[in-house]
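Data block below; observations after.
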Amino acid sequence: MKVSEKLENLKKREAKIKEMGGQARIEKQHAKGKLTARERLDLLFDEGTFREIDMFVKHRSTNFGMEKVEISSDGVITGHGKVNGRPVFAYSQDFTSRGGSLGEKHAAKITKVMDLAMKAGVPIVGINDSGGARVEEGIDSLKGYGDIFFRNSRASGVIPQISIIMGPCAGGAVYSPAMTDFIFMVDKKSYMFITGPSVIETVTGEKTTFEELGGAMTHNSKSGVSHFAGKDDEDAIHQVKVLLSYLPNNNMEDPPKYNNGDDPARLCPELDTIIPDNSKAGYDMKTVIQSVVDNGEFFEPHEYYAQNAIIGFARMNGRPVGIIANQPMFLAGCLDINASDKISRFIRFCDAFNFPIITFVDVPGYLPGCDQEWNGVIRHGAKLLWSYSEATVPKLTVTTKKSYGGAYIAMSSIHLGADMLFAWPSAEIAVMGAQGAVNIVSSYRKQMKAADDPEAKRQELIKEYETAFNTPYIAAERGYLDAVIRPSETRLRLIDALETMVTKKEALPPKKHGNIPV
């Protein structure tokens with residue numbers, strides 16, 4: 001065969017493989033409002049940069065007549081390219097080719113790019129759209145999943161791992177995404193569950209739907225399994241690219257700094273009046289965050305989950321940071337089980353990938369209630385204490401209003417290793433609020449009991465306690481705060497502190513790992 005014939009043969013083979021499951025199946029995929037595996041990769045990567053690996057891989061199963069079955073690229077496209085000009089590895093399951101089912105070689109292609117991403121020290125993105133294990137390949141499919149899970153664990157905290165769920169993801173297939181750093185889902189198009197609606201109805205009698213059980217908004221708002229929900233495939237991939245713009249390539253690098261034109265000395269005069277005079281009135285902590293960060297840009301995972309807490313990425317003087325805050329608009333900003341889990345995992349991600357952490361505090365305490373206690377708020381709340389204590393990146397804290405009791409300690413206090421701490425004059429840092437303190441302090445109870453008008457005396461004592469204790473100044477006197485600042489100066493002071501602490505070096509005691517209260 002001549003060289004020209006060999007080149008033509010290569011061209012024909014490539015063209016055949018790029019047809020994926022055939023035009024009919026591609027049209028069916030489009031009819032569902034979904035892109036194909038290759039179209040998704042084209043959207044993710046900068047134009048012309050994607051380089052495919054293992055295009056010609058075939059399965060070798062002979063069970064159930066599989067030796068006669070052709071599966072284009074064995075149901076998954078793998079390779080590398082550039083996103084925002086930076087290298088990324090990716091795989092994209094092809095639902096048009098045997099339902100994107102995972103067999104031995106399908107899994108081997110995925111683990112190969114995972115290994116390459118680890119060697120290169122760059123992020124990996126997995127696009128999931130699969131009917132699950134390829135039953136015809138039996139235990140080899142299960143081996144494939146296990147190989148992927150093992151690598152997810154080894155890569156965790158070393159390179160960023162991102163999962164995009166763009167179709168069904170059921171049974172064992174859900175565990176790999178759950179082991180990655182961030183999960184993106186597509187509203188009304190993607191699903192995640194261990195057992196489907198029909199099995200649940202058979203076993204428990206519960207009737208449910210795919211969307212109600214494992215849809216994008218279910219996992220974004222109820223379970224917290226997913227971090228983002230895209231309107232469609234294009235929107236989800238756009239969000240992934242935004243996230244990648246904040247992330248370093250690996251844990252040995254700092255997140256990329258960009259000059260975005262926002263003056264680091266800019267004041268925020270609107271913050272001087274944001275705290276309401278009525279202590280029972282709320283305000284939106286996101287307004288505070290957007291005022292302080294560069295150009296008001298705040299990228300928020302878990303926007304719909306545990307909304308009493310806020311986490312997200314922003315830039316300060318061009319430098320990416322992790323933002324954590326209480327949200328007084330929901331549950332008065334109380335910490336509960338879900339908020340503790342949400343914040344703790346984000347702290348550990350930021351610490352693993354060298355993001356300085358800025359915490360905005362307005363917290364009245366941990367949420368009381370039997371349900372919280374029975375479901376382990378002690379154990380979950382302890383994760384927050386653990387994670388802040390464990391983190392060695394620069395940690396800056398701003399207390400805007402309430403900071404009471406154990407929640408004061410938990411929210412990046414100096415006692416858990418925060419580096420620089422600021423408070424607004426409106427801050428109330430105390431063991432508890434005045435209402436509760438008056439009911440507990442014995443001398444106050446005696447005064448109320450002896451008074452002609454106990455309720456009038458109670459109100460007098462509440463004001464006395466607020467004046468004496470619900471201020472930032474006792475904490476400042478003890479050295480538990482570095483400064484009480486004007487709210488308008490918050491951005492300026494944070495950037496100054498950040499630029500000072502960015503060279504921070506802190507090492508933990510030698511050990512294999514701690515035993516976090518999971």
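As shown in the structure tokens, the chain order sets the letters A, B, ...; within each chain, residues go from 1, and ligands are also counted from 1 in the order they appear.
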I want to know what sits within 8 Å of segment 18-34 of chain A, based on only C-alpha atoms, with residues of the same chain fewer than 5 positions away left out; could you give that as a short mmCIF file (atom, residue, chain, number, x, y, z; two decimals) with N, CA and C atoms, in the first residue's frame?
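Below is the file that was written, around-v4.cif:
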```cif
data_model
loop_
_atom_site.label_atom_id
_atom_site.label_comp_id
_atom_site.auth_asym_id
_atom_site.auth_seq_id
_atom_site.Cartn_x
_atom_site.Cartn_y
_atom_site.Cartn_z
N ILE A 71 -18.28 -0.09 18.62
CA ILE A 71 -18.61 1.06 19.46
C ILE A 71 -17.57 2.14 19.20
N SER A 72 -17.95 3.21 18.58
CA SER A 72 -17.02 4.27 18.20
C SER A 72 -16.27 4.80 19.41
N SER A 73 -14.93 4.73 19.34
CA SER A 73 -14.05 5.20 20.43
C SER A 73 -14.38 4.54 21.76
N ASP A 94 -19.83 9.40 25.29
CA ASP A 94 -20.64 9.53 24.08
C ASP A 94 -21.90 8.68 24.20
N PHE A 95 -23.01 9.32 24.53
CA PHE A 95 -24.26 8.58 24.74
C PHE A 95 -24.79 7.98 23.43
N THR A 96 -24.35 8.54 22.29
CA THR A 96 -24.83 7.99 21.01
C THR A 96 -24.16 6.65 20.68
N SER A 97 -23.09 6.31 21.38
CA SER A 97 -22.36 5.06 21.13
C SER A 97 -22.57 4.11 22.30
N ARG A 98 -23.54 3.22 22.11
CA ARG A 98 -23.89 2.22 23.13
C ARG A 98 -24.24 2.87 24.46
N MET A 166 -24.13 15.58 32.24
CA MET A 166 -24.91 16.08 31.11
C MET A 166 -25.91 15.06 30.58
N LYS A 189 -31.92 18.06 32.25
CA LYS A 189 -31.23 17.19 31.29
C LYS A 189 -30.36 16.14 31.96
N ASP A 232 -28.39 24.93 30.16
CA ASP A 232 -28.23 23.97 29.08
C ASP A 232 -26.76 23.58 29.02
N ASP A 233 -26.40 22.75 28.04
CA ASP A 233 -25.01 22.30 27.94
C ASP A 233 -24.05 23.47 27.80
#
```
### Query
How would you write, as a count of residues only, the set of residues in segment 176-296 of chain A that DSSP gives as strand (DSSP E or B)?
12
### Task
Per DSSP on the backbone, filter segment 43-139 of chain A down to the residues in helix (DSSP H, G or I) and report them as a PyMOL selection string.
chain A and resi 43-44+63-68+72-75+98-100+104-120+135-137+139
Would you save the residues of that selection, restricted to N, CA and C atoms, as an mmCIF file, in the first residue's frame?
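Dumped everything to out_37.cif:
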```cif
data_model
loop_
_atom_site.group_PDB
_atom_site.id
_atom_site.type_symbol
_atom_site.label_atom_id
_atom_site.label_comp_id
_atom_site.auth_asym_id
_atom_site.auth_seq_id
_atom_site.Cartn_x
_atom_site.Cartn_y
_atom_site.Cartn_z
ATOM 1 N N LEU A 43 -16.702 23.018 22.646
ATOM 2 C CA LEU A 43 -17.089 24.204 23.419
ATOM 3 C C LEU A 43 -16.139 24.454 24.580
ATOM 4 N N LEU A 44 -15.687 23.381 25.205
ATOM 5 C CA LEU A 44 -14.828 23.522 26.384
ATOM 6 C C LEU A 44 -13.456 24.086 26.023
ATOM 7 N N ASN A 63 -18.632 -11.583 24.969
ATOM 8 C CA ASN A 63 -19.852 -12.061 25.617
ATOM 9 C C ASN A 63 -21.089 -11.554 24.882
ATOM 10 N N PHE A 64 -22.118 -12.388 24.822
ATOM 11 C CA PHE A 64 -23.424 -11.996 24.279
ATOM 12 C C PHE A 64 -23.310 -11.398 22.874
ATOM 13 N N GLY A 65 -22.415 -11.941 22.076
ATOM 14 C CA GLY A 65 -22.267 -11.491 20.699
ATOM 15 C C GLY A 65 -21.595 -10.150 20.536
ATOM 16 N N MET A 66 -20.907 -9.681 21.596
ATOM 17 C CA MET A 66 -20.282 -8.358 21.546
ATOM 18 C C MET A 66 -19.141 -8.283 20.529
ATOM 19 N N GLU A 67 -18.589 -9.447 20.123
ATOM 20 C CA GLU A 67 -17.509 -9.402 19.139
ATOM 21 C C GLU A 67 -17.970 -8.831 17.802
ATOM 22 N N LYS A 68 -19.296 -8.792 17.585
ATOM 23 C CA LYS A 68 -19.847 -8.262 16.336
ATOM 24 C C LYS A 68 -20.275 -6.783 16.480
ATOM 25 N N SER A 72 -17.955 3.214 18.579
ATOM 26 C CA SER A 72 -17.024 4.273 18.202
ATOM 27 C C SER A 72 -16.267 4.805 19.414
ATOM 28 N N SER A 73 -14.935 4.733 19.338
ATOM 29 C CA SER A 73 -14.047 5.200 20.430
ATOM 30 C C SER A 73 -14.377 4.543 21.761
ATOM 31 N N ASP A 74 -15.059 3.408 21.699
ATOM 32 C CA ASP A 74 -15.546 2.676 22.870
ATOM 33 C C ASP A 74 -16.385 3.560 23.790
ATOM 34 N N GLY A 75 -17.077 4.528 23.204
ATOM 35 C CA GLY A 75 -18.074 5.301 23.953
ATOM 36 C C GLY A 75 -17.535 6.458 24.754
ATOM 37 N N ARG A 98 -23.537 3.218 22.108
ATOM 38 C CA ARG A 98 -23.886 2.219 23.126
ATOM 39 C C ARG A 98 -24.236 2.870 24.464
ATOM 40 N N GLY A 99 -24.910 4.018 24.399
ATOM 41 C CA GLY A 99 -25.355 4.704 25.611
ATOM 42 C C GLY A 99 -24.227 5.211 26.485
ATOM 43 N N GLY A 100 -23.019 5.334 25.902
ATOM 44 C CA GLY A 100 -21.888 5.799 26.706
ATOM 45 C C GLY A 100 -21.530 4.841 27.826
ATOM 46 N N GLU A 104 -14.355 -2.161 29.988
ATOM 47 C CA GLU A 104 -12.944 -2.241 30.342
ATOM 48 C C GLU A 104 -12.103 -1.174 29.638
ATOM 49 N N LYS A 105 -12.201 -1.081 28.305
ATOM 50 C CA LYS A 105 -11.362 -0.151 27.544
ATOM 51 C C LYS A 105 -11.838 1.290 27.684
ATOM 52 N N HIS A 106 -13.144 1.477 27.795
ATOM 53 C CA HIS A 106 -13.718 2.797 28.074
ATOM 54 C C HIS A 106 -13.068 3.354 29.346
ATOM 55 N N ALA A 107 -13.056 2.541 30.399
ATOM 56 C CA ALA A 107 -12.465 2.973 31.668
ATOM 57 C C ALA A 107 -10.968 3.189 31.530
ATOM 58 N N ALA A 108 -10.291 2.315 30.754
ATOM 59 C CA ALA A 108 -8.843 2.446 30.580
ATOM 60 C C ALA A 108 -8.485 3.765 29.899
ATOM 61 N N LYS A 109 -9.330 4.211 28.968
ATOM 62 C CA LYS A 109 -9.088 5.505 28.325
ATOM 63 C C LYS A 109 -9.190 6.643 29.338
ATOM 64 N N ILE A 110 -10.184 6.546 30.215
ATOM 65 C CA ILE A 110 -10.363 7.590 31.230
ATOM 66 C C ILE A 110 -9.188 7.592 32.208
ATOM 67 N N THR A 111 -8.815 6.422 32.703
ATOM 68 C CA THR A 111 -7.715 6.380 33.672
ATOM 69 C C THR A 111 -6.398 6.828 33.042
ATOM 70 N N LYS A 112 -6.241 6.613 31.744
ATOM 71 C CA LYS A 112 -5.015 7.052 31.072
ATOM 72 C C LYS A 112 -4.895 8.569 31.091
ATOM 73 N N VAL A 113 -5.986 9.286 30.783
ATOM 74 C CA VAL A 113 -5.887 10.754 30.811
ATOM 75 C C VAL A 113 -5.814 11.267 32.248
ATOM 76 N N MET A 114 -6.395 10.533 33.203
ATOM 77 C CA MET A 114 -6.238 10.919 34.603
ATOM 78 C C MET A 114 -4.778 10.804 35.019
ATOM 79 N N ASP A 115 -4.135 9.720 34.618
ATOM 80 C CA ASP A 115 -2.712 9.550 34.932
ATOM 81 C C ASP A 115 -1.862 10.628 34.268
ATOM 82 N N LEU A 116 -2.177 10.934 33.022
ATOM 83 C CA LEU A 116 -1.422 11.969 32.316
ATOM 84 C C LEU A 116 -1.614 13.336 32.962
ATOM 85 N N ALA A 117 -2.836 13.623 33.401
ATOM 86 C CA ALA A 117 -3.096 14.898 34.072
ATOM 87 C C ALA A 117 -2.287 15.008 35.354
ATOM 88 N N MET A 118 -2.179 13.909 36.085
ATOM 89 C CA MET A 118 -1.372 13.915 37.309
ATOM 90 C C MET A 118 0.104 14.132 36.989
ATOM 91 N N LYS A 119 0.599 13.443 35.955
ATOM 92 C CA LYS A 119 2.012 13.607 35.576
ATOM 93 C C LYS A 119 2.305 15.038 35.131
ATOM 94 N N ALA A 120 1.372 15.603 34.374
ATOM 95 C CA ALA A 120 1.569 16.964 33.856
ATOM 96 C C ALA A 120 1.264 18.026 34.900
ATOM 97 N N VAL A 135 -23.083 -4.005 30.948
ATOM 98 C CA VAL A 135 -23.408 -5.283 31.583
ATOM 99 C C VAL A 135 -22.740 -6.455 30.869
ATOM 100 N N GLU A 136 -22.633 -6.360 29.544
ATOM 101 C CA GLU A 136 -22.050 -7.463 28.771
ATOM 102 C C GLU A 136 -20.603 -7.747 29.162
ATOM 103 N N GLU A 137 -19.926 -6.754 29.724
ATOM 104 C CA GLU A 137 -18.524 -6.947 30.097
ATOM 105 C C GLU A 137 -18.345 -7.353 31.554
ATOM 106 N N ILE A 139 -17.714 -8.118 35.275
ATOM 107 C CA ILE A 139 -16.868 -7.582 36.343
ATOM 108 C C ILE A 139 -15.770 -6.669 35.822
#
```
### Task
May I have the residues within 10 Å of Thr180 of chain A as a ChimeraX atom specification, using only C-alpha atoms and disregarding those fewer than 3 positions away in the same chain?
/A:124-126,149,152-153,155-157,160-163,175-177,183
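For Thr500 of chain A, the list of residues within 12 Å, based on only C-alpha atoms and with local chain neighbours fewer than 5 positions off taken out, reads A:Pro356, A:Pro394, A:Lys395, A:Leu396, A:Asp419, A:Met420, A:Arg493, A:Leu494, A:Ile495.
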Grab the residues selected above and save them as an mmCIF file, in the first residue's frame with C-alpha atoms.
```cif
data_model
loop_
_atom_site.group_PDB
_atom_site.id
_atom_site.type_symbol
_atom_site.label_atom_id
_atom_site.label_comp_id
_atom_site.auth_asym_id
_atom_site.auth_seq_id
_atom_site.Cartn_x
_atom_site.Cartn_y
_atom_site.Cartn_z
ATOM 1 C CA PRO A 356 -6.160 32.819 50.757
ATOM 2 C CA PRO A 394 -3.508 33.203 54.732
ATOM 3 C CA LYS A 395 -6.769 33.626 56.674
ATOM 4 C CA LEU A 396 -8.377 37.054 57.053
ATOM 5 C CA ASP A 419 -3.898 35.725 60.693
ATOM 6 C CA MET A 420 -5.484 39.167 60.609
ATOM 7 C CA ARG A 493 -7.499 46.929 54.637
ATOM 8 C CA LEU A 494 -8.090 43.422 53.296
ATOM 9 C CA ILE A 495 -5.889 43.973 50.262
#
```
Which polymer residues have any atom within 12 Å of an atom of Val242 of chain A, counting only C-alpha atoms, with same-chain residues fewer than 5 positions away left out, as a CSV table (one decimal) with N, CA and C atoms, in the first residue's frame?
```
chain,number,residue,atom,x,y,z
A,44,LEU,N,-15.7,23.4,25.2
A,44,LEU,CA,-14.8,23.5,26.4
A,44,LEU,C,-13.5,24.1,26.0
A,83,VAL,N,-7.8,25.6,27.8
A,83,VAL,CA,-8.9,26.3,28.2
A,83,VAL,C,-8.5,27.7,28.7
A,84,ASN,N,-8.9,28.8,28.1
A,84,ASN,CA,-8.4,30.1,28.5
A,84,ASN,C,-6.9,30.1,28.4
A,228,PHE,N,-23.2,23.5,40.9
A,228,PHE,CA,-23.7,24.4,39.9
A,228,PHE,C,-24.8,23.8,39.1
A,235,ASP,N,-24.4,26.6,28.8
A,235,ASP,CA,-24.2,27.4,30.0
A,235,ASP,C,-23.4,26.7,31.0
A,236,ALA,N,-23.6,25.4,31.1
A,236,ALA,CA,-22.8,24.6,32.1
A,236,ALA,C,-21.3,24.7,31.7
A,237,ILE,N,-21.0,24.5,30.5
A,237,ILE,CA,-19.6,24.5,30.0
A,237,ILE,C,-19.0,25.9,30.2
A,247,LEU,N,-8.6,28.8,39.0
A,247,LEU,CA,-7.9,27.7,39.7
A,247,LEU,C,-6.4,27.6,39.2
A,297,GLU,N,-17.2,41.0,41.0
A,297,GLU,CA,-17.3,39.7,40.4
A,297,GLU,C,-17.1,38.6,41.5
A,298,PHE,N,-18.1,37.8,41.7
A,298,PHE,CA,-18.2,36.8,42.7
A,298,PHE,C,-18.7,35.5,42.1
A,299,PHE,N,-18.0,34.5,42.1
A,299,PHE,CA,-18.4,33.2,41.5
A,299,PHE,C,-18.7,32.2,42.6
A,300,GLU,N,-20.0,31.8,42.7
A,300,GLU,CA,-20.5,31.2,43.9
A,300,GLU,C,-20.9,29.7,43.6
A,301,PRO,N,-20.2,28.7,44.1
A,301,PRO,CA,-20.7,27.4,44.2
A,301,PRO,C,-21.8,27.2,45.2
A,313,PHE,N,-15.6,32.2,44.9
A,313,PHE,CA,-14.3,32.7,44.5
A,313,PHE,C,-14.4,34.2,44.0
A,314,ALA,N,-13.4,35.0,44.3
A,314,ALA,CA,-13.3,36.3,43.8
A,314,ALA,C,-11.9,36.7,43.7
```
Do you know which residues are at most 8 Å from Asn354 of chain A counting only C-alpha atoms, after dropping those on the same chain fewer than 6 positions away, and could you put them as a compact mmCIF listing (two decimals) with C-alpha atoms, in the first residue's frame?
```txt
# COMPACT_ATOMS: atom_id res chain seq x y z
CA ASN A 251 -1.29 22.24 44.37
CA GLU A 253 1.23 26.61 42.09
CA ASP A 254 -0.63 29.72 43.19
CA PRO A 255 -3.93 30.62 41.53
CA VAL A 393 -3.11 29.52 53.77
```
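For the choices A:Ala37, A:Ile516, A:Ala391, A:Leu271, the atom-to-atom distance to Pro425 of chain A is smallest for A:Leu271 when using only C-alpha atoms.
Going from atom CA of Met448 of chain A to atom CA of Pro472 of chain A covers 27.1 Å.
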### Task
Take atom CA of Gly479 of chain A and atom CA of Tyr444 of chain A and report the distance between them in Å, one decimal.
28.2 Å
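Near Asn326 of chain A, within a cut-off of 7 Å and counting only C-alpha atoms, sit the residues A:Asn308, A:Ala309, A:Ile310, A:Gly333, A:Phe360, A:Val361, A:Asp362, A:Val363, with same-chain residues fewer than 3 positions away left out.
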#### Entry: Pick from A:Tyr191, A:Ala325, A:Ser426, A:Asp452 nearest to Thr467 of chain A, counting only C-alpha atoms
A:Ser426
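Considering the residues A:Thr399, A:Thr359, A:Gln307, A:Ser291 and counting only C-alpha atoms, Ala332 of chain A has its shortest atom-to-atom contact with A:Gln307.
Distances to Glu234 of chain A were evaluated for A:Thr36, A:Asn470, A:Ser4, A:Thr209 using only C-alpha atoms, and the minimum falls at A:Thr36.
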